[in-house]
Structure formats: structure tokens, C-alpha cells
>>> print(open('target-v3.txt').read())   # compact mmCIF, C-alpha atoms and all ligand atoms
# COMPACT_ATOMS: atom_id res chain seq x y z
CA MET N 1376 0.00 0.00 0.00
CA LYS N 1377 1.17 3.51 -0.82
CA GLN N 1378 1.13 6.28 1.79
CA ILE N 1379 -2.20 8.09 2.00
CA HIS N 1380 -1.27 11.70 2.69
CA PHE N 1381 -3.22 14.02 4.96
CA ALA N 1382 -3.84 16.61 2.26
CA GLY N 1383 -2.15 17.90 -0.84
CA PRO N 1384 -2.74 20.20 -3.76
CA LEU N 1385 -3.78 19.72 -7.37
CA ILE N 1386 -0.69 20.66 -9.39
CA GLU N 1387 -1.12 20.54 -13.16
CA LYS N 1388 0.80 21.54 -16.29
CA ASP N 1389 -0.39 25.15 -16.20
CA ASP N 1390 0.92 25.55 -12.64
CA ILE N 1391 4.36 24.31 -13.63
CA LYS N 1392 4.33 26.49 -16.74
CA ILE N 1393 3.52 29.70 -14.87
CA ILE N 1394 6.17 29.01 -12.22
CA ASN N 1395 8.75 28.55 -14.96
CA GLN N 1396 7.57 31.75 -16.61
CA SER N 1397 7.73 33.71 -13.39
CA VAL N 1398 11.31 32.63 -12.82
CA SER N 1399 12.28 33.55 -16.40
CA ASN N 1400 10.51 36.89 -16.61
CA GLY N 1401 9.31 37.86 -13.13
CA PHE N 1402 12.06 40.42 -12.50
CA TYR N 1403 13.01 43.87 -13.88
CA ASP N 1404 9.92 45.35 -15.59
CA ASN N 1405 7.80 42.47 -14.30
CA TYR N 1406 8.85 42.40 -10.65
CA LYS N 1407 5.25 43.01 -9.58
CA LYS N 1408 3.47 41.49 -12.58
CA TYR N 1409 2.26 38.28 -10.93
CA SER N 1410 1.59 39.89 -7.53
CA ASN N 1411 -0.64 42.53 -9.06
CA GLU N 1412 -2.49 40.07 -11.25
CA PHE N 1413 -3.14 37.63 -8.39
CA ILE N 1414 -4.43 40.44 -6.16
CA LYS N 1415 -6.74 41.68 -8.93
CA ASN N 1416 -8.07 38.15 -9.49
CA LEU N 1417 -8.69 37.65 -5.77
CA GLU N 1418 -10.63 40.93 -5.50
CA LYS N 1419 -12.76 39.79 -8.39
CA TYR N 1420 -13.26 36.30 -6.96
CA PHE N 1421 -14.38 37.61 -3.55
CA ASN N 1422 -16.27 40.52 -5.07
CA ILE N 1423 -14.44 42.72 -2.58
CA LYS N 1424 -12.83 46.14 -2.88
CA HIS N 1425 -9.37 45.39 -1.48
CA ALA N 1426 -7.01 42.45 -1.11
CA LEU N 1427 -3.46 42.31 0.22
CA THR N 1428 -1.47 39.12 -0.37
CA THR N 1429 0.89 38.12 2.42
CA PHE N 1430 3.60 35.59 3.17
CA THR N 1431 1.16 33.40 5.17
CA CYS N 1432 -2.35 33.65 6.59
CA THR N 1433 -0.80 34.18 10.03
CA HIS N 1434 0.83 37.34 8.68
CA ALA N 1435 -2.54 38.47 7.28
CA MET N 1436 -4.27 37.93 10.67
CA HIS N 1437 -1.43 39.71 12.48
CA LEU N 1438 -1.95 42.70 10.17
CA ALA N 1439 -5.74 42.45 10.48
CA ALA N 1440 -5.70 43.03 14.24
CA ILE N 1441 -3.85 46.36 13.99
CA SER N 1442 -5.54 47.40 10.76
CA ILE N 1443 -8.97 47.47 12.42
CA GLY N 1444 -7.55 49.52 15.29
CA LEU N 1445 -7.22 46.99 18.12
CA LYS N 1446 -4.89 48.15 20.86
CA LYS N 1447 -2.88 46.59 23.69
CA GLY N 1448 -5.17 45.16 26.37
CA ASP N 1449 -8.30 45.04 24.18
CA GLU N 1450 -10.32 41.90 24.75
CA VAL N 1451 -10.96 39.61 21.79
CA ILE N 1452 -13.11 36.47 21.85
CA CYS N 1453 -12.08 33.50 19.75
CA PRO N 1454 -13.13 29.85 19.69
CA GLU N 1455 -11.18 27.50 21.92
CA ILE N 1456 -10.51 24.97 19.15
CA SER N 1457 -8.37 26.23 16.29
CA TRP N 1458 -4.86 26.11 14.93
CA VAL N 1459 -2.65 28.18 17.26
CA ALA N 1460 -2.08 30.78 14.53
CA THR N 1461 -5.54 32.19 15.28
CA ALA N 1462 -4.58 33.01 18.87
CA HIS N 1463 -0.91 33.87 18.36
CA SER N 1464 -1.66 36.48 15.71
CA LEU N 1465 -3.64 38.35 18.39
CA SER N 1466 -1.29 37.71 21.30
CA HIS N 1467 1.58 39.35 19.43
CA HIS N 1468 -0.24 42.67 19.89
CA ASN N 1469 -0.79 41.99 23.59
CA LEU N 1470 -4.52 41.64 23.09
CA LYS N 1471 -6.42 39.83 25.79
CA LEU N 1472 -7.84 36.54 24.54
CA LYS N 1473 -11.00 34.93 25.76
CA PHE N 1474 -11.96 31.49 24.52
CA CYS N 1475 -15.58 30.63 23.86
CA ASP N 1476 -16.96 27.19 23.07
CA ILE N 1477 -17.52 25.63 19.66
CA ASP N 1478 -20.65 24.13 18.18
CA ILE N 1479 -20.13 20.36 18.12
CA GLU N 1480 -22.11 20.03 14.86
CA THR N 1481 -19.80 22.34 12.90
CA LEU N 1482 -16.63 22.69 15.05
CA CYS N 1483 -17.01 26.47 14.55
CA MET N 1484 -17.63 29.19 17.15
CA CYS N 1485 -20.88 28.69 19.10
CA PRO N 1486 -22.90 31.95 18.91
CA THR N 1487 -24.57 31.32 22.30
CA SER N 1488 -21.25 30.79 24.06
CA LEU N 1489 -19.83 33.82 22.25
CA GLU N 1490 -22.57 36.09 23.58
CA LYS N 1491 -22.15 34.73 27.12
CA ASN N 1492 -18.46 35.66 27.07
CA ILE N 1493 -18.93 39.29 26.00
CA THR N 1494 -18.05 41.90 28.66
CA LYS N 1495 -17.67 45.68 28.66
CA LYS N 1496 -14.01 45.19 27.77
CA THR N 1497 -14.71 43.11 24.65
CA LYS N 1498 -13.68 44.93 21.48
CA ALA N 1499 -13.64 42.26 18.79
CA ILE N 1500 -14.52 38.73 17.72
CA MET N 1501 -12.12 36.41 15.92
CA VAL N 1502 -14.31 33.92 14.05
CA VAL N 1503 -12.83 30.72 12.61
CA HIS N 1504 -14.34 28.91 9.63
CA ALA N 1505 -12.98 25.65 10.93
CA PHE N 1506 -11.87 22.96 8.47
CA GLY N 1507 -13.67 24.82 5.66
CA HIS N 1508 -17.18 24.90 7.15
CA PRO N 1509 -18.58 28.43 7.52
CA ALA N 1510 -19.30 29.55 11.08
CA ASN N 1511 -22.85 30.76 11.64
CA MET N 1512 -22.19 34.31 10.41
CA ILE N 1513 -25.85 35.29 10.35
CA LYS N 1514 -26.07 34.88 14.14
CA ILE N 1515 -22.51 36.04 14.86
CA MET N 1516 -22.86 39.29 12.87
CA LYS N 1517 -26.14 40.03 14.69
CA ILE N 1518 -24.31 39.69 18.02
CA ALA N 1519 -21.40 41.81 16.73
CA LYS N 1520 -23.84 44.59 15.74
CA LYS N 1521 -25.72 44.38 19.03
CA TYR N 1522 -22.54 44.89 21.09
CA ASN N 1523 -20.74 47.06 18.54
CA LEU N 1524 -17.81 44.67 18.09
CA LYS N 1525 -15.29 44.41 15.26
CA VAL N 1526 -15.06 41.08 13.47
CA ILE N 1527 -11.99 39.35 12.04
CA GLU N 1528 -12.62 36.16 10.09
CA ASP N 1529 -9.94 33.49 10.21
CA ALA N 1530 -11.19 31.99 6.99
CA ALA N 1531 -7.86 30.22 6.36
CA PRO N 1532 -9.18 26.86 5.08
CA SER N 1533 -12.55 28.03 3.75
CA LEU N 1534 -11.83 29.45 0.30
CA GLY N 1535 -14.98 29.03 -1.82
CA SER N 1536 -17.31 28.37 1.12
CA HIS N 1537 -20.34 30.64 1.39
CA ILE N 1538 -23.65 31.33 3.10
CA ARG N 1539 -26.38 31.89 0.53
CA GLY N 1540 -23.84 33.15 -2.00
CA LYS N 1541 -21.93 35.45 0.37
CA LYS N 1542 -18.39 34.14 0.71
CA THR N 1543 -16.65 33.53 4.03
CA GLY N 1544 -14.21 36.34 4.79
CA THR N 1545 -16.60 39.00 3.48
CA PHE N 1546 -18.97 39.21 6.47
CA GLY N 1547 -16.75 40.89 9.04
CA ASP N 1548 -14.44 43.91 8.96
CA VAL N 1549 -11.62 41.85 7.56
CA GLY N 1550 -11.11 38.27 6.34
CA CYS N 1551 -7.92 36.20 6.06
CA PHE N 1552 -7.18 33.08 3.98
CA SER N 1553 -4.27 30.67 3.67
CA PHE N 1554 -2.57 29.24 0.57
CA GLN N 1555 -0.25 26.94 2.50
CA GLY N 1556 0.43 23.56 0.85
CA ALA N 1557 -2.30 21.60 2.65
CA LYS N 1558 -5.09 24.12 1.92
CA ILE N 1559 -7.57 23.93 -0.93
CA ILE N 1560 -5.39 25.98 -3.29
CA THR N 1561 -1.74 26.76 -2.73
CA THR N 1562 1.01 29.26 -3.46
CA ASN N 1563 3.34 26.92 -1.52
CA GLU N 1564 3.14 29.36 1.40
CA GLY N 1565 0.81 32.32 1.25
CA GLY N 1566 -2.12 34.25 2.59
CA VAL N 1567 -4.48 37.09 1.78
CA LEU N 1568 -6.26 39.79 3.76
CA ILE N 1569 -9.51 41.10 2.28
CA THR N 1570 -11.72 44.05 3.26
CA ASN N 1571 -14.15 46.57 1.85
CA ASN N 1572 -12.84 49.28 4.17
CA LYS N 1573 -10.39 51.78 2.68
CA LYS N 1574 -8.82 52.78 6.00
CA THR N 1575 -8.29 49.15 6.96
CA ILE N 1576 -6.50 48.26 3.74
CA GLU N 1577 -4.39 51.41 3.87
CA LYS N 1578 -3.23 50.52 7.36
CA ALA N 1579 -2.62 46.89 6.39
CA ARG N 1580 -0.54 47.97 3.38
CA LEU N 1581 1.39 50.50 5.46
CA PHE N 1582 2.30 47.98 8.15
CA SER N 1583 2.99 45.22 5.64
CA TYR N 1584 5.77 47.36 4.18
CA LEU N 1585 7.74 48.67 7.15
CA GLY N 1586 5.50 51.67 7.72
CA ARG N 1587 6.99 53.37 4.69
CA THR N 1588 5.29 56.65 3.86
CA ASP N 1589 7.95 58.65 1.92
CA ARG N 1590 6.53 61.65 3.79
CA LYS N 1591 9.76 63.62 4.37
CA ALA N 1592 12.05 61.77 1.99
CA THR N 1593 12.15 58.72 -0.20
CA PHE N 1594 12.37 55.65 2.07
CA TRP N 1595 10.91 57.63 4.96
CA SER N 1596 8.92 55.59 7.46
CA ASP N 1597 6.51 56.81 10.15
CA HIS N 1598 5.73 53.52 11.91
CA ILE N 1599 7.44 50.36 13.08
CA GLY N 1600 6.02 48.06 10.46
CA TYR N 1601 6.72 44.61 9.08
CA ARG N 1602 7.80 43.07 5.80
CA TYR N 1603 4.89 40.79 5.04
CA GLN N 1604 3.92 40.86 1.37
CA MET N 1605 3.72 37.76 -0.81
CA SER N 1606 6.48 37.32 -3.40
CA ASN N 1607 5.96 37.69 -7.13
CA LEU N 1608 6.94 34.03 -7.67
CA ASN N 1609 4.50 32.68 -5.10
CA SER N 1610 1.78 34.87 -6.60
CA ALA N 1611 2.35 33.32 -10.04
CA LEU N 1612 1.25 29.92 -8.71
CA GLY N 1613 -1.78 31.55 -7.11
CA ILE N 1614 -3.00 32.74 -10.51
CA THR N 1615 -3.36 29.26 -12.02
CA GLN N 1616 -4.49 27.72 -8.72
CA LEU N 1617 -7.35 30.20 -8.27
CA LYS N 1618 -8.56 29.38 -11.79
CA LYS N 1619 -9.22 25.77 -10.74
CA ILE N 1620 -10.86 26.43 -7.38
CA ASP N 1621 -14.28 25.18 -8.54
CA LYS N 1622 -12.76 21.99 -9.90
CA ILE N 1623 -10.90 21.34 -6.63
CA ILE N 1624 -14.00 22.04 -4.52
CA LYS N 1625 -15.85 19.41 -6.57
CA ILE N 1626 -13.11 16.87 -5.87
CA LYS N 1627 -13.06 17.75 -2.15
CA ARG N 1628 -16.83 17.60 -1.79
CA ASN N 1629 -16.86 14.24 -3.51
CA ILE N 1630 -14.27 12.86 -1.06
CA PHE N 1631 -16.35 14.30 1.80
CA GLN N 1632 -19.55 12.71 0.47
CA ASN N 1633 -17.89 9.30 0.20
CA TYR N 1634 -16.75 9.45 3.82
CA LYS N 1635 -20.19 10.68 4.84
CA ASN N 1636 -21.94 7.76 3.12
CA ASN N 1637 -19.59 5.33 4.84
CA PHE N 1638 -20.16 6.76 8.33
CA LEU N 1639 -23.86 7.56 7.95
CA ASP N 1640 -25.29 4.74 10.05
CA ASN N 1641 -22.29 4.22 12.28
CA ASN N 1642 -23.23 4.36 15.97
CA ASN N 1643 -19.62 4.70 17.08
CA ILE N 1644 -18.82 7.76 15.02
CA HIS N 1645 -20.24 11.23 14.61
CA PHE N 1646 -19.40 12.62 11.16
CA ILE N 1647 -19.13 16.43 11.10
CA ASP N 1648 -21.49 17.24 8.24
CA GLU N 1649 -21.81 20.40 6.16
CA PRO N 1650 -23.78 23.01 8.16
CA SER N 1651 -27.43 23.23 7.10
CA TYR N 1652 -27.18 27.02 6.64
CA ALA N 1653 -24.13 27.00 4.34
CA PHE N 1654 -22.22 25.69 1.37
CA SER N 1655 -18.82 24.36 2.44
CA ASN N 1656 -15.71 23.60 0.39
CA CYS N 1657 -15.57 20.50 2.65
CA THR N 1658 -11.81 20.62 2.57
CA TYR N 1659 -11.08 18.67 5.77
CA PRO N 1660 -13.50 15.86 6.81
CA ASN N 1661 -13.72 15.28 10.57
CA ILE N 1662 -15.17 12.59 12.83
CA ILE N 1663 -15.79 12.49 16.57
CA LEU N 1664 -15.71 9.21 18.46
CA ASN N 1665 -18.96 8.76 20.35
CA ARG N 1666 -17.43 6.65 23.11
CA GLY N 1667 -14.01 6.64 24.70
CA PHE N 1668 -11.61 9.49 25.04
CA LYS N 1669 -8.13 10.74 24.32
CA LYS N 1670 -6.19 7.52 24.77
CA LYS N 1671 -8.45 5.52 22.48
CA ARG N 1672 -8.45 8.33 19.90
CA ASP N 1673 -4.65 8.59 20.00
CA ASN N 1674 -4.32 4.82 19.65
CA LEU N 1675 -6.66 4.83 16.68
CA ILE N 1676 -4.52 7.47 14.99
CA LYS N 1677 -1.39 5.40 15.69
CA TYR N 1678 -3.13 2.37 14.20
CA LEU N 1679 -4.09 4.32 11.07
CA ASN N 1680 -0.58 5.77 10.74
CA LYS N 1681 0.81 2.23 10.95
CA HIS N 1682 -1.35 1.40 7.94
CA LYS N 1683 0.10 4.41 6.11
CA ILE N 1684 -3.02 6.51 6.62
CA SER N 1685 -2.17 10.07 7.64
CA ALA N 1686 -5.12 10.93 9.87
CA ARG N 1687 -4.59 13.65 12.48
CA ALA N 1688 -5.83 14.44 15.96
CA MET N 1689 -8.11 17.43 16.44
CA PHE N 1690 -6.44 20.63 17.67
CA PRO N 1691 -5.88 20.67 21.46
CA GLN N 1692 -7.70 23.27 23.59
CA LEU N 1693 -5.99 26.65 23.30
CA SER N 1694 -6.80 27.38 26.94
CA GLN N 1695 -4.53 24.53 28.07
CA MET N 1696 -1.37 25.86 26.41
CA PRO N 1697 1.12 27.65 28.69
CA MET N 1698 0.95 31.06 26.97
CA HIS N 1699 -2.87 31.09 26.84
CA LYS N 1700 -3.55 29.25 30.08
CA THR N 1701 -7.05 29.86 31.49
CA ASN N 1702 -9.49 27.71 33.35
CA LYS N 1703 -12.24 27.19 30.86
CA LYS N 1704 -14.94 24.56 30.88
CA ASN N 1705 -15.97 24.60 27.26
CA ILE N 1706 -17.72 21.24 27.04
CA ASN N 1707 -17.72 20.84 23.26
CA ALA N 1708 -14.13 22.03 22.93
CA ILE N 1709 -13.05 19.39 25.44
CA LYS N 1710 -14.99 16.70 23.60
CA ALA N 1711 -13.60 17.64 20.19
CA ALA N 1712 -10.02 17.99 21.43
CA ASN N 1713 -10.10 14.55 23.03
CA SER N 1714 -12.06 12.52 20.52
CA GLY N 1715 -11.88 14.32 17.18
CA ILE N 1716 -9.98 13.08 14.15
CA THR N 1717 -9.33 14.84 10.87
CA LEU N 1718 -9.38 12.32 8.03
CA PRO N 1719 -7.07 12.40 5.03
CA SER N 1720 -8.33 14.30 1.98
CA PRO N 1721 -5.57 14.71 -0.62
CA VAL N 1722 -7.04 15.51 -4.04
CA TYR N 1723 -6.05 12.11 -5.43
CA LEU N 1724 -8.00 10.13 -2.80
CA SER N 1725 -10.13 7.43 -4.48
CA LYS N 1726 -13.37 5.84 -3.31
CA LYS N 1727 -11.43 2.61 -2.85
CA GLN N 1728 -8.93 4.32 -0.55
CA ILE N 1729 -11.79 5.92 1.40
CA ASN N 1730 -13.35 2.49 1.86
CA PHE N 1731 -9.99 1.15 3.03
CA ILE N 1732 -9.67 3.97 5.61
CA THR N 1733 -13.25 3.42 6.82
CA GLU N 1734 -12.68 -0.30 7.17
CA LYS N 1735 -9.52 0.27 9.25
CA ILE N 1736 -11.38 2.66 11.55
CA ASN N 1737 -14.28 0.23 12.00
CA THR N 1738 -11.92 -2.69 12.66
CA PHE N 1739 -10.04 -0.72 15.32
CA ILE N 1740 -13.23 0.37 17.05
CA SER N 1741 -14.82 -3.09 17.11
CA ASN N 1742 -11.60 -4.50 18.58
CA ASN N 1743 -11.43 -1.79 21.26
CA GLU N 1744 -14.99 -1.46 22.49
C1 LIG N 1801 -4.10 26.88 8.03
C2 LIG N 1801 -4.74 27.69 9.05
C3 LIG N 1801 -4.12 28.87 9.52
C4 LIG N 1801 -2.72 29.29 9.18
O1 LIG N 1801 -2.42 29.56 7.84
P1 LIG N 1801 -0.91 29.85 7.47
O2 LIG N 1801 -0.97 30.26 6.03
O3 LIG N 1801 -0.15 28.58 7.70
O4 LIG N 1801 -0.43 30.95 8.35
C5 LIG N 1801 -4.82 29.63 10.44
N1 LIG N 1801 -6.03 29.28 10.88
C6 LIG N 1801 -6.65 28.18 10.45
C7 LIG N 1801 -8.02 27.87 10.96
C8 LIG N 1801 -6.03 27.33 9.54
O5 LIG N 1801 -6.64 26.21 9.14
>>> encode(input="target-v3.txt", output="C-alpha cells", more="lines below")
Ligand SMILES: *Cc1c(COP(=O)(O)O)cnc(C)c1O
Amino acid sequence: MKQIHFAGPLIEKDDIKIINQSVSNGFYDNYKKYSNEFIKNLEKYFNIKHALTTFTCTHAMHLAAISIGLKKGDEVICPEISWVATAHSLSHHNLKLKFCDIDIETLCMCPTSLEKNITKKTKAIMVVHAFGHPANMIKIMKIAKKYNLKVIEDAAPSLGSHIRGKKTGTFGDVGCFSFQGAKIITTNEGGVLITNNKKTIEKARLFSYLGRTDRKATFWSDHIGYRYQMSNLNSALGITQLKKIDKIIKIKRNIFQNYKNNFLDNNNIHFIDEPSYAFSNCTYPNIILNRGFKKKRDNLIKYLNKHKISARAMFPQLSQMPMHKTNKKNINAIKAANSGITLPSPVYLSKKQINFITEKINTFISNNE
């Protein structure tokens, strides 16, 4: 049996061709050619006024926090289960994090728990469209309006997902996506920040380029900024990748559907389905074990890895990590962290391989009940 990878991109002839081209002609007159074209294409795709491509999505989220005016000590609520980038991008600005619970049906922020956590000090919400599924933005935006809170969307894995035609990343004040190698499209490493707000994009651009203003002289800077913009060569790959997003979503949704069919009537496993209110790119399929906790889950992953199946454990609770340590009793977060598994979904995954993975999971569970 060959290794079944966790995830991986669709790389075709046109991707290789444009990378070769960008190396041959992406300098001198063309040093911004691919960057500018990719940004223009993204703005069109999202139907949004402004996009800024960055080195990673983490960079985009780091810029987002200052670009919407958050300041040291401001309280931001984010879901307890996410990749650490979500939290770290805020912590770098000395913002105060508060972790709310997730919805166990979607693994995204739970609107009820969000509202319960809001205090007078709360300034913003960091939503995560976890594993590609859109968070319930209808409810979350209502809460944001009610309490006058800013909204950042960590939409990293959710490119192409939408709620009644409105794409993730376009609901809040600013949205951020990732083009890292395991995401639905890739620039090898990369990210983008999108917004309709002119002030926000101006600030993001300013800080993404060392605070350079040229105000008193060429190369003059007025702020301590960063150097965060995506390279011309990485952008070239983004151009061909974005063109095939619909094709890749079809492949991903098909993989998801095959898993779903296999786990449909399984009493031992809860399959995290597409939310009823949304269209998801379904990029990362997840299951939760109905019985048994961390040890059994970890052993199941070991068993799958031994059979060359690269399944992964769910993210641990952010509140348990030393730099974010708080005493939180978020019931669903605890459940997901201890019994959740993200299943492999590389674009090449066949129905036969999905059946093989399912069979291994079922065998392990029936031997360990
Ligand atoms: C992938 C991912 C990120 C990080 O993206 P990078 O481009 O690696 O910085 C952040 N948040 C979530 C939810 C992700 O899935």
C-alpha cells in the first residue's frame, strides 16, 4: 500500500508552466506582474474592494488586528478549538484573549457561548471557519452589531465556502485566507487579507511594508512596520491555482460525500457534516468518536498511521497551552479535542482508498470497544 497523505494540492501543467515563466521573466519590468495580477483576481473572486497578499495567513491575521484599530489590552473572543495561529496572531499585539466554546455540529464558534463571554471590555470577535465549514455568520454578525464589536474572520481553510452566496471572509471587517500547501489551493506558502474598508486596507498595506510613507524623503517611514507581502513568484502559482478552485472544490466535496456515506449509520462515530445554513468547500473531513476518550483516539490514529493513513488528531484546547492558560470549561471544545480526528483528503484520494480507511477505523473500534 502507498502512503495516503493528509492533504495535498492539485498541481497541473499550467501551474508548472507559470512558475517557470515567473522565474524567467518575473524580474526587472515584471517584478510586480504576478503579484498585481493575483491580487486583482482575488478581488474579483471575492467581489471585494481590497485584497493584500501576504507571506502566510498568520501574517494576514497579524496585520488584520492592527488594521482594524485593536490596541494593547483590548479583549478579543475567539473559539477554543483552532490552529494556534488564530490566537498567536492576536497575542503578538498583547490583546487579551477569551476562549468561547464551539458548536459540536460544525466545530465552529458557538454563537450562544460567544454572547455569554462578552463583557464591557470586549472589542472584537475572531471567528474561525474551521476545516472549511462556515461559522454561523448570520447569528454572529447580529451579536457583533448588538454589542458594537469588530469582526476578524480566520477563513484560512474556507476558500470558496459561502452562506447563501456570500463568501466567508466578506462578512466581518476583515477576512484572512491561507494558501499553504495543505489548503484547498496553494502558493506553496501564502495568505491574503480582504476588506471593503479603505482605511483598513491602507493601514494593512502600510504595516505590511515597514510603515513606509515617503513623507519627508524617499524611504521615509513613520511607523514600526513589518515586511509581510507575498512574493511575485508565489503569486504566479496563485493565478493558475485560483482558476481551478471550482474543480478542486468538486473533488473535495466528492471525497467528503464518500466518507459521509460510509459513516452515515455508524453508531460509534459522529461525522461532522456540512452546516445546514451553508455551502462548504468541505476541505477537511472530521469525525468524533462517540465513546471513549483521548487515549483511544490517539491509539486509533497510531493504528491508522501504521497502515500508512495520515489521519490527524483534532487541535488541542488553546486554553490549556502555557501562553494562553485559562481555566475554561468549554464542554464541546473538550470533547472535540479529546475525541476528534481529521481524516485524510488529498485531491487524489479514491473511493477505494476511502473504503480502506473506513474499514480500518471500524476494525479498530470493534476490537477496542
Ligand atoms: C491553516 C490555518 C491557519 C494558518 O495559515 P498559514 O498560512 O499557515 O499561516 C490559520 N487558521 C486556520 C483555521 C487554519 O486552518
>>> residues_near_ligand(input="target-v3.txt", ligand="ligand LIG 1801 (chain N)", cutoff="8 Å", atoms="only C-alpha atoms and all ligand atoms", output="list in words")
Phe1430, Thr1431, Cys1432, Thr1433, His1434, Ala1435, Ser1457, Trp1458, Val1459, Ala1460, Thr1461, Val1503, His1504, Ala1505, Phe1506, Gly1507, Asp1529, Ala1530, Ala1531, Pro1532, Phe1552, Ser1553, Phe1554, Gln1555, Ala1557, Lys1558, Glu1564, Gly1565 and Gly1566 of chain N
>>> write_last_selection(input="target-v3.txt", atoms="C-alpha atoms", output="CSV table (one decimal), in the frame of the given file")
chain,number,residue,atom,x,y,z
N,1430,PHE,CA,3.6,35.6,3.2
N,1431,THR,CA,1.2,33.4,5.2
N,1432,CYS,CA,-2.4,33.6,6.6
N,1433,THR,CA,-0.8,34.2,10.0
N,1434,HIS,CA,0.8,37.3,8.7
N,1435,ALA,CA,-2.5,38.5,7.3
N,1457,SER,CA,-8.4,26.2,16.3
N,1458,TRP,CA,-4.9,26.1,14.9
N,1459,VAL,CA,-2.6,28.2,17.3
N,1460,ALA,CA,-2.1,30.8,14.5
N,1461,THR,CA,-5.5,32.2,15.3
N,1503,VAL,CA,-12.8,30.7,12.6
N,1504,HIS,CA,-14.3,28.9,9.6
N,1505,ALA,CA,-13.0,25.6,10.9
N,1506,PHE,CA,-11.9,23.0,8.5
N,1507,GLY,CA,-13.7,24.8,5.7
N,1529,ASP,CA,-9.9,33.5,10.2
N,1530,ALA,CA,-11.2,32.0,7.0
N,1531,ALA,CA,-7.9,30.2,6.4
N,1532,PRO,CA,-9.2,26.9,5.1
N,1552,PHE,CA,-7.2,33.1,4.0
N,1553,SER,CA,-4.3,30.7,3.7
N,1554,PHE,CA,-2.6,29.2,0.6
N,1555,GLN,CA,-0.2,26.9,2.5
N,1557,ALA,CA,-2.3,21.6,2.6
N,1558,LYS,CA,-5.1,24.1,1.9
N,1564,GLU,CA,3.1,29.4,1.4
N,1565,GLY,CA,0.8,32.3,1.2
N,1566,GLY,CA,-2.1,34.2,2.6
>>> closest_atom_pairs(input="target-v3.txt", of="region 1504-1551 of chain N", to="region 1408-1429 of chain N", cutoff="10 Å", atoms="only C-alpha atoms", output="JSON lines")
{"residue": "N:Leu1534", "atom": "CA", "partner": "N:Phe1421", "partner_atom": "CA", "distance": 9.4}
{"residue": "N:Gly1535", "atom": "CA", "partner": "N:Phe1421", "partner_atom": "CA", "distance": 8.8}
{"residue": "N:Lys1541", "atom": "CA", "partner": "N:Phe1421", "partner_atom": "CA", "distance": 8.8}
{"residue": "N:Lys1542", "atom": "CA", "partner": "N:Phe1421", "partner_atom": "CA", "distance": 6.8}
{"residue": "N:Thr1543", "atom": "CA", "partner": "N:Phe1421", "partner_atom": "CA", "distance": 8.9}
{"residue": "N:Gly1544", "atom": "CA", "partner": "N:Phe1421", "partner_atom": "CA", "distance": 8.4}
{"residue": "N:Thr1545", "atom": "CA", "partner": "N:Ile1423", "partner_atom": "CA", "distance": 7.4}
{"residue": "N:Val1549", "atom": "CA", "partner": "N:Ala1426", "partner_atom": "CA", "distance": 9.8}
{"residue": "N:Gly1550", "atom": "CA", "partner": "N:Ala1426", "partner_atom": "CA", "distance": 9.5}
{"residue": "N:Cys1551", "atom": "CA", "partner": "N:Ala1426", "partner_atom": "CA", "distance": 9.6}
>>> residues_around(input="target-v3.txt", residues="Leu1718 (chain N)", least_positions_apart="5", cutoff="9 Å", atoms="all atoms listed in the file", output="ChimeraX atom specification")
/N:1381,1634,1659-1662,1684-1688,1732
>>> atom_distance(input="target-v3.txt", atom1="CA of His1537 (chain N)", atom2="CA of Cys1485 (chain N)")
17.8 Å
>>> closest_residue(input="target-v3.txt", among="N:Glu1528, N:Asp1548, N:Asp1389, N:Asp1648", to="Gly1613 (chain N)", atoms="all atoms listed in the file")
N:Asp1389
>>> residues_around(input="target-v3.txt", residues="Lys1627 (chain N)", least_positions_apart="4", cutoff="7 Å", atoms="all atoms listed in the file", output="short mmCIF file (atom, residue, chain, number, x, y, z; two decimals) with C-alpha atoms, in the coordinates of the input")
data_model
loop_
_atom_site.label_atom_id
_atom_site.label_comp_id
_atom_site.auth_asym_id
_atom_site.auth_seq_id
_atom_site.Cartn_x
_atom_site.Cartn_y
_atom_site.Cartn_z
CA ILE N 1623 -10.90 21.34 -6.63
CA PHE N 1631 -16.35 14.30 1.80
CA ASN N 1656 -15.71 23.60 0.39
CA CYS N 1657 -15.57 20.50 2.65
CA THR N 1658 -11.81 20.62 2.57
CA VAL N 1722 -7.04 15.51 -4.04
#
>>> atom_distance(input="target-v3.txt", atom1="CA of Ser1466 (chain N)", atom2="CA of Arg1587 (chain N)")
24.3 Å
